[in-house]
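Asker: Could you have a look at this structure, given as structure tokens, before my questions?
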Amino acid sequence: MTATTVAPAIELKGISKAFGPVQANKDISIRVMPGTIHGIIGENGAGKSTLMSILYGFYKADAGEVFISGTKTEIPDSQAAISAGIGMVFQHFKLVENFTVLENIILGAEDGWSLTTSLGKARKELVALEQEYGLNVDPDAVIEDLGVGMQQRVEILKALYRQADILILDEPTGVLTPAEADQLFRILGRLREEGKTIILITHKLREIMEITDTVSVMRRGEMTATVKTAETSPEQLAELMVGRKVLLSVNKAPATPGKVVLDIKNLHVTDEAGVERLKGIDLQVRAGEILGIAGVAGNGQSELLELLGGYARGTGTVTLNGTAIDLSGKYADGKSRRAKGIAHVPEDRQREGLIMDFHAWENTAFGYHHDPSYQSGLLMNNAAIREDTEAKMKRFDVRPPDPKLAAKNFSGGNQQKIVLAREIERNPDLLLVGQPTRGVDIGAIEFIHQQIVALRDQGKAILLVSVELEEIFSLSDRIAVMFDGHIMGERLPGQTDEKELGMLMAGMEATQ
Amino acid sequence: MDFLTLIQLLDSTVRLATPLLLACLAGLFSERAGIFDIGLEGKMLAAAFFSAAIASVTGSVWLGLAAGIAASMLLSALHGFASITFRGNQLISGVAINFLAAGLTVLIAQSWFQQGGRTPSLMGGGRFTPITLPFADAVADVPFIGPIYAELISGHSILVYIAFAAVPLTWFILFRTRFGLRLRAVGENPAAVDTAGVSVVGLRYAAIGICSVLCGIAGAYLSTALQAGFVKDMSAGRGYIALAALIFAKWRPWYALYATLLFGLFGALETRPDVITSLTGMRVQGQLLGALPYIMTVIILAGFVGRATPPRAGGEPYVKER
């Protein structure tokens, strides 16, 4: 290798950036060699996105220099980044939803004032690009009709159309199914072969190990290490990210399932648009076990949680500890469910689990505000709620343990801990958990998983819904796979693998 | 109703639809770029006053038109500073403009002309006069086609023709040019425009700039073509009806033409109760016709006649974030 003579595609020297008192980037230096995939890994808030925003001209660095292919380059705005050959695929796509693929691709890079001419020229170039990189997308499809995987391809094509040599992808697999993620990785591999340089920002260790050549780790605004991927391990990276040893797999004893707590028979749910989302579900969850429900998002898992949580209506029979639950009548609501001993940690904590502008103590009282210990005559006993919240926050390691802080001011992991503390501390017989660690730091994931297992060990029944297969495997005592409103099958985690579950998740009967 | 009455009715429909059409297209440019403009009313009113005032002082209606457009642009700039540069609430800024225009026009009119908040009546070169199209007199006697050409198509002021020409022009700009693509994009998802390296602020100012010119013409039309001089509150809610027409038109230029013609027809009928009586055989309150545009807009908004989807980023100031 003559690595010393080749200039790095990107070199950052001493980049620093502060937002008020918060030092988001501290003296960061990094070299990314051309034709490689370079991973940048770190927890939420470690400064990865800030660094990339500086590179794409969104923020101006307080100090430091950027070199593109050995030349010092100023990047005051996105236009400059594009001219320097940098393309960015954001976590939240920057596409105009009701425009066609072609219109989105030429936006800002049109050829002259006439749209008709621009579109004609772009169409030819797009077809050539699609063939070159194996990225097939219908140029005339409207964005909102495309799936997220396709939309992401449009973003990549947008960058390639602007002749980007350096492609930055920010958490690209967050919204993808496992199959779509595999496809993305194949595309990235192809781009690398063509000599493109790729920076992959992620907090998922598996992706880093699977596809990158080199990986840089960020923690609290600093670049703590840059290593060759082949010479490291997930355990080492996790330790570098968090700053302490992290258990990547959950330590748990074998389950000792007891009596049936939740018994679901022939459950049907139809949504407001008249679409049948659950088409006859049969499930049982026993005391002292975790039933994991695997599946691609949107196959009925959400509706199942909503029905059990009391805010969707359905037909069929559901019993809890032998007594039937009202599915469509007067008592089909969250309050009655909680009274029966069902606690619910919803899938989207920011929309369903918390009110982001309210204080932690107010959020802790929600749903349990009728608790006699929270009352003082006709009024709420706010002091008592605050005290109770503070105790719960300490037990669940919420940082900072300040009940007067608004929910939005906590990190994702700490928000989730607030919801978990509220629900678990009520000592429910059945805990419903949806996506417990979505957008949660790796250190907090460990803690949340431990709490769920601890509740199981107390003999409670737990119904877990997660789109992360890794999570399903590490937590579940039993796995059920959902597809198109049906249960495709049940497996024991020790007797199946990702491939078999992937087949079931795609609606194919396993042939074994 | 005889043929001539129909022609007369349609003729006044065209004249009443013109300011609505101009204001509606003005709102279309602004709202397609994501800036709600409830201040159409105020801008029209200010333009109406300054057009009449300057035309009356100088005797030149063209100088009057220029003054009207300038006044409208000034108010638009105010709206832009508040809602684009300082990311304020667009509705509040628009309402402020309406109040400002309603008060200032009368105040200045009184101070300049001492005629109770109106301008002197415009005469001669101070007004836009009807244009007789070629051969209008020659074909006037040809049955059927003659009156349509001579009465309905010919004989309007230049501003009417400008308004109608603005429809295909708007369509072309929006859907056939680079500027139009970017303008529509910035009203749907400004972040997409920003990351593509195009200035969101620049595009939005351009949009409200065009909006203010069209609004200025609409205002000038009111005081120098439709009427001969400015009177207090002469825009009479036309800015709001134009907004209703914009929703009715689903933010599309050709639909805007149809919507404003329809609303113009209601206006024309309101002034001809005899026609309604002869058509329906009963007396209909004129106020009911005046309210019809609003009633129809409510029906549209309630989703009875297809869905009217406004530009998705409408009303939201753009804050760069990740």
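In the structure tokens, each chain is lettered A, B, ... as it comes, each chain's residues begin at 1, and ligands are numbered from 1 in order of appearance.
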Using only C-alpha atoms, find each residue of range 58-148 of chain B with at least one atom at most 7 Å away from an atom of range 33-46 of chain B; report its shortest atom-to-atom pair and that distance in Å (one decimal), sort the rows by chain and rising residue number, and return the result as a tab-separated table.

Answerer:
```
residue	atom	partner	partner_atom	distance
B:Ala71	CA	B:Ala46	CA	6.3
B:Ser72	CA	B:Lys43	CA	4.9
B:Leu75	CA	B:Lys43	CA	6.5
B:Gln90	CA	B:Phe36	CA	6.1
B:Leu91	CA	B:Ile38	CA	6.3
B:Gly94	CA	B:Gly39	CA	4.2
B:Val95	CA	B:Gly39	CA	6.1
B:Ile97	CA	B:Gly39	CA	5.7
B:Asn98	CA	B:Gly42	CA	4.0
B:Ala101	CA	B:Gly42	CA	5.0
B:Ala102	CA	B:Gly42	CA	6.6
B:Thr105	CA	B:Ala46	CA	6.2
```

Asker: For those residues, write N, CA and C atoms to a file as a short mmCIF file (atom, residue, chain, number, x, y, z; two decimals), in the first residue's frame.

Answerer:
```
data_model
loop_
_atom_site.label_atom_id
_atom_site.label_comp_id
_atom_site.auth_asym_id
_atom_site.auth_seq_id
_atom_site.Cartn_x
_atom_site.Cartn_y
_atom_site.Cartn_z
N ALA B 71 -46.71 50.70 -2.72
CA ALA B 71 -47.31 50.61 -1.39
C ALA B 71 -47.51 49.16 -0.99
N SER B 72 -48.00 48.36 -1.95
CA SER B 72 -48.23 46.96 -1.67
C SER B 72 -46.91 46.23 -1.37
N LEU B 75 -45.73 46.96 2.21
CA LEU B 75 -46.42 46.15 3.22
C LEU B 75 -45.96 44.69 3.16
N GLN B 90 -47.27 34.17 10.83
CA GLN B 90 -47.69 34.79 9.57
C GLN B 90 -49.10 35.35 9.64
N LEU B 91 -49.96 34.71 10.41
CA LEU B 91 -51.34 35.20 10.52
C LEU B 91 -51.37 36.53 11.26
N GLY B 94 -50.08 39.25 9.11
CA GLY B 94 -51.05 39.60 8.07
C GLY B 94 -52.19 40.43 8.63
N VAL B 95 -52.69 40.05 9.78
CA VAL B 95 -53.79 40.80 10.40
C VAL B 95 -53.33 42.22 10.73
N ILE B 97 -51.15 43.93 9.15
CA ILE B 97 -51.11 44.69 7.90
C ILE B 97 -52.51 45.18 7.52
N ASN B 98 -53.49 44.33 7.72
CA ASN B 98 -54.86 44.73 7.39
C ASN B 98 -55.32 45.92 8.23
N ALA B 101 -53.40 49.10 7.16
CA ALA B 101 -53.88 49.66 5.90
C ALA B 101 -55.23 50.33 6.09
N ALA B 102 -56.13 49.68 6.84
CA ALA B 102 -57.46 50.24 7.03
C ALA B 102 -57.38 51.60 7.70
N THR B 105 -54.87 54.44 5.45
CA THR B 105 -55.39 54.98 4.19
C THR B 105 -56.35 56.13 4.46
#
```

Asker: For the structure I just gave you, how does DSSP split range 231-469 of chain A - specifically, which residues are alpha helix (DSSP H)? Reply as a ChimeraX atom specification.

Answerer: /A:234-242,301-309,334-340,360-365,382-395,412-424,442-457,469

Asker: Each residue of chain A with at least one atom at most 10 Å from chain B should appear once, together with its nearest atom pair and the corresponding distance in Å (one decimal); atoms considered: only C-alpha atoms; ordering: chain, then increasing residue number; output as JSON lines.

Answerer:
```
{"residue": "A:Ser49", "atom": "CA", "partner": "B:Arg322", "partner_atom": "CA", "distance": 8.1}
{"residue": "A:Thr50", "atom": "CA", "partner": "B:Arg322", "partner_atom": "CA", "distance": 8.9}
{"residue": "A:Ser53", "atom": "CA", "partner": "B:Arg322", "partner_atom": "CA", "distance": 8.2}
{"residue": "A:Tyr56", "atom": "CA", "partner": "B:Thr195", "partner_atom": "CA", "distance": 8.7}
{"residue": "A:Gly57", "atom": "CA", "partner": "B:Thr195", "partner_atom": "CA", "distance": 9.3}
{"residue": "A:Phe58", "atom": "CA", "partner": "B:Lys320", "partner_atom": "CA", "distance": 8.0}
{"residue": "A:Tyr59", "atom": "CA", "partner": "B:Lys320", "partner_atom": "CA", "distance": 9.8}
{"residue": "A:Asp77", "atom": "CA", "partner": "B:Gly197", "partner_atom": "CA", "distance": 7.3}
{"residue": "A:Ser78", "atom": "CA", "partner": "B:Gly197", "partner_atom": "CA", "distance": 4.9}
{"residue": "A:Gln79", "atom": "CA", "partner": "B:Gly197", "partner_atom": "CA", "distance": 4.2}
{"residue": "A:Ala80", "atom": "CA", "partner": "B:Gly197", "partner_atom": "CA", "distance": 7.9}
{"residue": "A:Ala81", "atom": "CA", "partner": "B:Gly197", "partner_atom": "CA", "distance": 8.6}
{"residue": "A:Ile82", "atom": "CA", "partner": "B:Gly197", "partner_atom": "CA", "distance": 7.5}
{"residue": "A:Ser83", "atom": "CA", "partner": "B:Gly197", "partner_atom": "CA", "distance": 9.7}
{"residue": "A:Gly87", "atom": "CA", "partner": "B:Thr195", "partner_atom": "CA", "distance": 9.6}
{"residue": "A:Met88", "atom": "CA", "partner": "B:Thr195", "partner_atom": "CA", "distance": 8.5}
{"residue": "A:Val89", "atom": "CA", "partner": "B:Thr195", "partner_atom": "CA", "distance": 9.9}
{"residue": "A:Phe90", "atom": "CA", "partner": "B:Arg322", "partner_atom": "CA", "distance": 8.1}
{"residue": "A:Gln91", "atom": "CA", "partner": "B:Arg322", "partner_atom": "CA", "distance": 8.5}
{"residue": "A:His92", "atom": "CA", "partner": "B:Arg322", "partner_atom": "CA", "distance": 8.1}
{"residue": "A:Phe93", "atom": "CA", "partner": "B:Ala192", "partner_atom": "CA", "distance": 8.1}
{"residue": "A:Lys94", "atom": "CA", "partner": "B:Ala192", "partner_atom": "CA", "distance": 4.4}
{"residue": "A:Leu95", "atom": "CA", "partner": "B:Ala192", "partner_atom": "CA", "distance": 5.4}
{"residue": "A:Val96", "atom": "CA", "partner": "B:Asn189", "partner_atom": "CA", "distance": 5.6}
{"residue": "A:Glu97", "atom": "CA", "partner": "B:Glu188", "partner_atom": "CA", "distance": 7.6}
{"residue": "A:Asn98", "atom": "CA", "partner": "B:Glu188", "partner_atom": "CA", "distance": 8.0}
{"residue": "A:Phe99", "atom": "CA", "partner": "B:Ala185", "partner_atom": "CA", "distance": 8.1}
{"residue": "A:Glu103", "atom": "CA", "partner": "B:Leu181", "partner_atom": "CA", "distance": 7.8}
{"residue": "A:Asn104", "atom": "CA", "partner": "B:Ala192", "partner_atom": "CA", "distance": 8.5}
{"residue": "A:Ile105", "atom": "CA", "partner": "B:Ala196", "partner_atom": "CA", "distance": 9.3}
{"residue": "A:Ile106", "atom": "CA", "partner": "B:Ala196", "partner_atom": "CA", "distance": 9.1}
{"residue": "A:Leu107", "atom": "CA", "partner": "B:Arg182", "partner_atom": "CA", "distance": 6.7}
{"residue": "A:Gly108", "atom": "CA", "partner": "B:Ala196", "partner_atom": "CA", "distance": 5.2}
{"residue": "A:Ala109", "atom": "CA", "partner": "B:Ala196", "partner_atom": "CA", "distance": 7.6}
{"residue": "A:Glu110", "atom": "CA", "partner": "B:Arg178", "partner_atom": "CA", "distance": 6.7}
{"residue": "A:Asp111", "atom": "CA", "partner": "B:Arg178", "partner_atom": "CA", "distance": 8.4}
{"residue": "A:Gly112", "atom": "CA", "partner": "B:Arg178", "partner_atom": "CA", "distance": 7.3}
{"residue": "A:Trp113", "atom": "CA", "partner": "B:Arg178", "partner_atom": "CA", "distance": 5.0}
{"residue": "A:Ser114", "atom": "CA", "partner": "B:Thr177", "partner_atom": "CA", "distance": 4.6}
{"residue": "A:Leu115", "atom": "CA", "partner": "B:Thr177", "partner_atom": "CA", "distance": 4.5}
{"residue": "A:Thr116", "atom": "CA", "partner": "B:Arg176", "partner_atom": "CA", "distance": 6.2}
{"residue": "A:Thr117", "atom": "CA", "partner": "B:Arg176", "partner_atom": "CA", "distance": 9.3}
{"residue": "A:Ser118", "atom": "CA", "partner": "B:Arg178", "partner_atom": "CA", "distance": 8.2}
{"residue": "A:Leu119", "atom": "CA", "partner": "B:Arg178", "partner_atom": "CA", "distance": 9.9}
{"residue": "A:Lys158", "atom": "CA", "partner": "B:Ala196", "partner_atom": "CA", "distance": 9.1}
{"residue": "A:Ala159", "atom": "CA", "partner": "B:Ala196", "partner_atom": "CA", "distance": 9.4}
{"residue": "A:Arg162", "atom": "CA", "partner": "B:Ala196", "partner_atom": "CA", "distance": 9.5}
```

Asker: Selection from above, N, CA and C atoms, as a tab-separated table (two decimals), in the first residue's frame, can you write it?

Answerer:
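Everything below was put into selection_30.tsv:
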```
chain	number	residue	atom	x	y	z
A	49	SER	N	-23.51	14.03	14.65
A	49	SER	CA	-24.31	14.81	13.70
A	49	SER	C	-23.79	16.23	13.57
A	50	THR	N	-23.35	16.81	14.67
A	50	THR	CA	-22.79	18.16	14.62
A	50	THR	C	-21.59	18.18	13.69
A	53	SER	N	-22.70	18.01	10.19
A	53	SER	CA	-23.35	19.27	9.79
A	53	SER	C	-22.32	20.33	9.45
A	56	TYR	N	-21.14	19.59	6.07
A	56	TYR	CA	-22.11	19.88	5.01
A	56	TYR	C	-22.51	21.36	5.00
A	57	GLY	N	-21.82	22.18	5.79
A	57	GLY	CA	-22.07	23.61	5.72
A	57	GLY	C	-23.28	24.11	6.47
A	58	PHE	N	-23.83	23.27	7.35
A	58	PHE	CA	-24.99	23.72	8.13
A	58	PHE	C	-24.56	24.57	9.31
A	59	TYR	N	-23.45	24.16	9.92
A	59	TYR	CA	-22.89	24.96	11.02
A	59	TYR	C	-21.49	25.39	10.64
A	77	ASP	N	-21.63	26.98	3.29
A	77	ASP	CA	-23.03	26.58	3.14
A	77	ASP	C	-23.12	25.27	2.36
A	78	SER	N	-24.34	24.77	2.23
A	78	SER	CA	-24.55	23.48	1.58
A	78	SER	C	-24.10	23.52	0.12
A	79	GLN	N	-24.29	24.67	-0.53
A	79	GLN	CA	-23.89	24.80	-1.92
A	79	GLN	C	-22.39	24.52	-2.07
A	80	ALA	N	-21.59	25.03	-1.11
A	80	ALA	CA	-20.15	24.81	-1.15
A	80	ALA	C	-19.82	23.34	-0.94
A	81	ALA	N	-20.57	22.70	-0.04
A	81	ALA	CA	-20.33	21.28	0.22
A	81	ALA	C	-20.62	20.47	-1.03
A	82	ILE	N	-21.72	20.81	-1.73
A	82	ILE	CA	-22.07	20.10	-2.95
A	82	ILE	C	-20.98	20.29	-4.00
A	83	SER	N	-20.50	21.54	-4.15
A	83	SER	CA	-19.44	21.78	-5.14
A	83	SER	C	-18.17	21.03	-4.79
A	87	GLY	N	-21.95	14.64	-0.66
A	87	GLY	CA	-23.38	14.39	-0.69
A	87	GLY	C	-23.82	13.87	0.66
A	88	MET	N	-25.01	14.25	1.08
A	88	MET	CA	-25.45	13.85	2.42
A	88	MET	C	-26.82	13.19	2.33
A	89	VAL	N	-26.95	12.04	2.97
A	89	VAL	CA	-28.26	11.40	3.09
A	89	VAL	C	-28.66	11.52	4.55
A	90	PHE	N	-29.64	12.38	4.81
A	90	PHE	CA	-30.02	12.65	6.19
A	90	PHE	C	-30.89	11.52	6.74
A	91	GLN	N	-30.91	11.48	8.06
A	91	GLN	CA	-31.73	10.48	8.75
A	91	GLN	C	-33.21	10.69	8.39
A	92	HIS	N	-33.64	11.95	8.45
A	92	HIS	CA	-34.98	12.29	7.99
A	92	HIS	C	-34.81	12.83	6.58
A	93	PHE	N	-35.38	12.14	5.62
A	93	PHE	CA	-35.13	12.48	4.22
A	93	PHE	C	-35.56	13.90	3.90
A	94	LYS	N	-34.81	14.53	3.02
A	94	LYS	CA	-35.13	15.89	2.60
A	94	LYS	C	-35.73	15.83	1.20
A	95	LEU	N	-36.90	15.23	1.11
A	95	LEU	CA	-37.56	15.09	-0.19
A	95	LEU	C	-38.88	15.83	-0.18
A	96	VAL	N	-39.27	16.32	-1.34
A	96	VAL	CA	-40.58	16.95	-1.47
A	96	VAL	C	-41.58	15.83	-1.79
A	97	GLU	N	-42.47	15.59	-0.84
A	97	GLU	CA	-43.30	14.38	-0.88
A	97	GLU	C	-44.20	14.27	-2.11
A	98	ASN	N	-44.72	15.41	-2.59
A	98	ASN	CA	-45.65	15.30	-3.72
A	98	ASN	C	-44.99	15.61	-5.07
A	99	PHE	N	-43.66	15.61	-5.09
A	99	PHE	CA	-42.93	15.73	-6.34
A	99	PHE	C	-42.55	14.33	-6.81
A	103	GLU	N	-38.15	15.13	-10.29
A	103	GLU	CA	-38.21	16.53	-9.84
A	103	GLU	C	-37.37	16.73	-8.59
A	104	ASN	N	-37.43	15.74	-7.68
A	104	ASN	CA	-36.62	15.83	-6.47
A	104	ASN	C	-35.14	15.81	-6.78
A	105	ILE	N	-34.79	15.00	-7.76
A	105	ILE	CA	-33.37	14.86	-8.06
A	105	ILE	C	-32.80	16.13	-8.67
A	106	ILE	N	-33.56	16.81	-9.53
A	106	ILE	CA	-32.99	18.00	-10.15
A	106	ILE	C	-33.12	19.25	-9.29
A	107	LEU	N	-33.97	19.22	-8.27
A	107	LEU	CA	-34.19	20.41	-7.45
A	107	LEU	C	-32.87	21.01	-6.97
A	108	GLY	N	-32.62	22.24	-7.38
A	108	GLY	CA	-31.38	22.91	-6.97
A	108	GLY	C	-30.21	22.63	-7.90
A	109	ALA	N	-30.37	21.64	-8.78
A	109	ALA	CA	-29.28	21.33	-9.72
A	109	ALA	C	-29.83	21.30	-11.13
A	110	GLU	N	-30.79	22.21	-11.40
A	110	GLU	CA	-31.44	22.23	-12.70
A	110	GLU	C	-30.46	22.75	-13.75
A	111	ASP	N	-30.83	22.46	-14.99
A	111	ASP	CA	-29.98	22.85	-16.11
A	111	ASP	C	-30.69	23.98	-16.85
A	112	GLY	N	-30.47	25.22	-16.44
A	112	GLY	CA	-31.13	26.35	-17.10
A	112	GLY	C	-32.50	26.62	-16.52
A	113	TRP	N	-33.17	27.67	-17.04
A	113	TRP	CA	-34.43	28.11	-16.44
A	113	TRP	C	-35.60	27.22	-16.80
A	114	SER	N	-35.49	26.53	-17.93
A	114	SER	CA	-36.65	25.76	-18.39
A	114	SER	C	-36.69	24.39	-17.74
A	115	LEU	N	-37.82	24.12	-17.12
A	115	LEU	CA	-37.97	22.86	-16.41
A	115	LEU	C	-38.04	21.69	-17.38
A	116	THR	N	-38.71	21.91	-18.50
A	116	THR	CA	-38.89	20.83	-19.46
A	116	THR	C	-37.53	20.32	-19.97
A	117	THR	N	-36.64	21.27	-20.31
A	117	THR	CA	-35.31	20.88	-20.77
A	117	THR	C	-34.55	20.15	-19.66
A	118	SER	N	-34.59	20.71	-18.45
A	118	SER	CA	-33.87	20.11	-17.33
A	118	SER	C	-34.33	18.68	-17.09
A	119	LEU	N	-35.65	18.50	-17.08
A	119	LEU	CA	-36.20	17.17	-16.77
A	119	LEU	C	-35.77	16.17	-17.84
A	158	LYS	N	-29.78	11.43	-5.62
A	158	LYS	CA	-29.68	12.89	-5.61
A	158	LYS	C	-28.22	13.30	-5.44
A	159	ALA	N	-27.54	12.65	-4.51
A	159	ALA	CA	-26.13	12.98	-4.26
A	159	ALA	C	-25.27	12.60	-5.46
A	162	ARG	N	-25.42	14.94	-8.34
A	162	ARG	CA	-24.61	16.15	-8.13
A	162	ARG	C	-23.13	15.83	-8.12
```

Asker: Quick one: residues within 9 Å of Ile442 in chain A, only C-alpha atoms, excluding same-chain residues fewer than 2 positions away - as a VMD selection string?

Answerer: chain A and resid 43 203 to 204 238 241 to 242 246 248 413 437 440 444 to 446

Asker: Enumerate, as a PyMOL selection string, the complete set of residues in range 24-127 of chain A that a backbone-based DSSP assignment places in strand (DSSP E).

Answerer: chain A and resi 24-32+37-42+63-68+71-72+86-89

Asker: Between CA of Ala164 in chain A and CA of Val215 in chain A, measure the distance and give it in Å to one decimal.

Answerer: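 Pair CA of Ala164 in chain A / CA of Val215 in chain A returns 21.4 Å.
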
Asker: Give me, please, the distance in Å between CA of Ala23 in chain B and CA of Val231 in chain B, quoted to one decimal.

Answerer: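 Atom-to-atom, CA of Ala23 in chain B and CA of Val231 in chain B are spaced 19.0 Å apart.
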
Asker: Counting only C-alpha atoms, which of A:Lys408, A:Arg286, A:Arg351, A:His38 gets nearest to Thr202 in chain A?

Answerer: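 Of all the options, A:His38 lies closest to Thr202 in chain A.
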
Asker: Using only C-alpha atoms, can you tell me which of A:Leu126, A:Ile40, A:Val433, A:Ala339 comes closest to Ile208 in chain A?

Answerer: A:Ile40

Asker: Tell me which protein, DNA and RNA residues are within 9 Å of Ile217 in chain B, counting only C-alpha atoms, leaving out same-chain ones fewer than 2 positions away, and put them as a PyMOL selection string.

Answerer: chain B and resi 19+22-23+44+47-48+65-66+68-69+72+159+163+212-215+219-222

Asker: Deliver the residues from the most recent selection as a file, using N, CA and C atoms, as a JSON list (two decimals), in the first residue's frame.

Answerer:
```
[["chain", "number", "residue", "atom", "x", "y", "z"],
["B", 19, "PRO", "N", -60.36, 41.90, -9.83],
["B", 19, "PRO", "CA", -59.54, 42.10, -8.62],
["B", 19, "PRO", "C", -59.40, 40.81, -7.80],
["B", 22, "LEU", "N", -56.67, 38.70, -9.52],
["B", 22, "LEU", "CA", -55.32, 39.20, -9.27],
["B", 22, "LEU", "C", -54.88, 38.89, -7.84],
["B", 23, "ALA", "N", -55.79, 39.12, -6.89],
["B", 23, "ALA", "CA", -55.45, 38.87, -5.49],
["B", 23, "ALA", "C", -55.28, 37.37, -5.24],
["B", 44, "MET", "N", -54.23, 45.34, -0.83],
["B", 44, "MET", "CA", -55.10, 45.84, -1.89],
["B", 44, "MET", "C", -55.62, 47.22, -1.55],
["B", 47, "ALA", "N", -52.92, 49.81, -1.82],
["B", 47, "ALA", "CA", -52.63, 50.06, -3.22],
["B", 47, "ALA", "C", -53.74, 50.89, -3.86],
["B", 48, "ALA", "N", -54.97, 50.59, -3.48],
["B", 48, "ALA", "CA", -56.10, 51.34, -4.03],
["B", 48, "ALA", "C", -55.98, 52.82, -3.68],
["B", 65, "LEU", "N", -50.60, 53.66, -10.69],
["B", 65, "LEU", "CA", -50.41, 52.21, -10.61],
["B", 65, "LEU", "C", -49.07, 51.89, -9.96],
["B", 66, "ALA", "N", -48.03, 52.62, -10.39],
["B", 66, "ALA", "CA", -46.70, 52.39, -9.83],
["B", 66, "ALA", "C", -46.72, 52.65, -8.33],
["B", 68, "GLY", "N", -49.28, 52.44, -6.32],
["B", 68, "GLY", "CA", -50.06, 51.38, -5.68],
["B", 68, "GLY", "C", -49.22, 50.13, -5.47],
["B", 69, "ILE", "N", -48.48, 49.76, -6.52],
["B", 69, "ILE", "CA", -47.62, 48.58, -6.42],
["B", 69, "ILE", "C", -46.55, 48.80, -5.36],
["B", 72, "SER", "N", -48.00, 48.36, -1.95],
["B", 72, "SER", "CA", -48.23, 46.96, -1.67],
["B", 72, "SER", "C", -46.91, 46.23, -1.37],
["B", 159, "LEU", "N", -56.00, 46.53, -17.30],
["B", 159, "LEU", "CA", -55.74, 45.70, -16.12],
["B", 159, "LEU", "C", -56.52, 44.39, -16.17],
["B", 163, "ALA", "N", -54.84, 40.76, -15.93],
["B", 163, "ALA", "CA", -55.26, 39.75, -14.94],
["B", 163, "ALA", "C", -55.48, 38.40, -15.62],
["B", 212, "SER", "N", -46.88, 40.81, -4.01],
["B", 212, "SER", "CA", -47.20, 42.21, -3.75],
["B", 212, "SER", "C", -47.47, 42.98, -5.04],
["B", 213, "VAL", "N", -46.78, 42.62, -6.12],
["B", 213, "VAL", "CA", -47.03, 43.29, -7.40],
["B", 213, "VAL", "C", -48.46, 43.02, -7.86],
["B", 214, "LEU", "N", -48.86, 41.73, -7.81],
["B", 214, "LEU", "CA", -50.22, 41.38, -8.24],
["B", 214, "LEU", "C", -51.27, 42.05, -7.35],
["B", 215, "CYS", "N", -51.00, 42.08, -6.06],
["B", 215, "CYS", "CA", -51.91, 42.72, -5.12],
["B", 215, "CYS", "C", -52.01, 44.20, -5.41],
["B", 219, "GLY", "N", -55.33, 46.33, -6.32],
["B", 219, "GLY", "CA", -55.77, 47.52, -5.60],
["B", 219, "GLY", "C", -55.97, 48.70, -6.54],
["B", 220, "ALA", "N", -55.02, 48.88, -7.44],
["B", 220, "ALA", "CA", -55.10, 49.99, -8.40],
["B", 220, "ALA", "C", -56.35, 49.84, -9.26],
["B", 221, "TYR", "N", -56.68, 48.59, -9.60],
["B", 221, "TYR", "CA", -57.86, 48.35, -10.42],
["B", 221, "TYR", "C", -59.12, 48.85, -9.72],
["B", 222, "LEU", "N", -59.18, 48.59, -8.40],
["B", 222, "LEU", "CA", -60.37, 48.99, -7.65],
["B", 222, "LEU", "C", -60.62, 50.49, -7.74]]
```

Asker: Looking at B:Arg127, B:Arg272, B:Arg283, B:Arg87, which one is nearest to Leu6 in chain B, with distances taken over only C-alpha atoms?

Answerer: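 Distance minimum relative to Leu6 in chain B lands on B:Arg272.
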
Asker: Any idea what the distance is between CA of Gly489 in chain A and CA of Gly314 in chain A?

Answerer: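 A separation of 21.8 Å between them.
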
Asker: Which residues, written as a PyMOL selection string, have at least one atom at most 12 Å from Phe86 in chain B, with only C-alpha atoms counted and residues fewer than 4 positions away on the same chain left out?

Answerer: chain B and resi 78-82+90+93+201+316-319

Asker: List the spatial neighbours of range 217-223 of chain A as number ranges by chain - criterion: any atom at most 8 Å away, only C-alpha atoms, same-chain residues fewer than 4 positions off excluded.

Answerer: A: 23-29, 40-43, 45-48, 237, 240-243

Asker: Would you list the contacts of Val139 in chain B as an MDAnalysis selection string, taking every protein, DNA or RNA residue within 10 Å and counting only C-alpha atoms, but skipping same-chain residues closer than 6 positions in sequence?

Answerer: chainID B and resid 145:150

Asker: Measuring between only C-alpha atoms, which one of A:Ser373, A:Ala9, A:Gly502, A:Asn363 shows the shortest distance to Asp182 in chain A?

Answerer: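 Of all the options, A:Gly502 lies closest to Asp182 in chain A.
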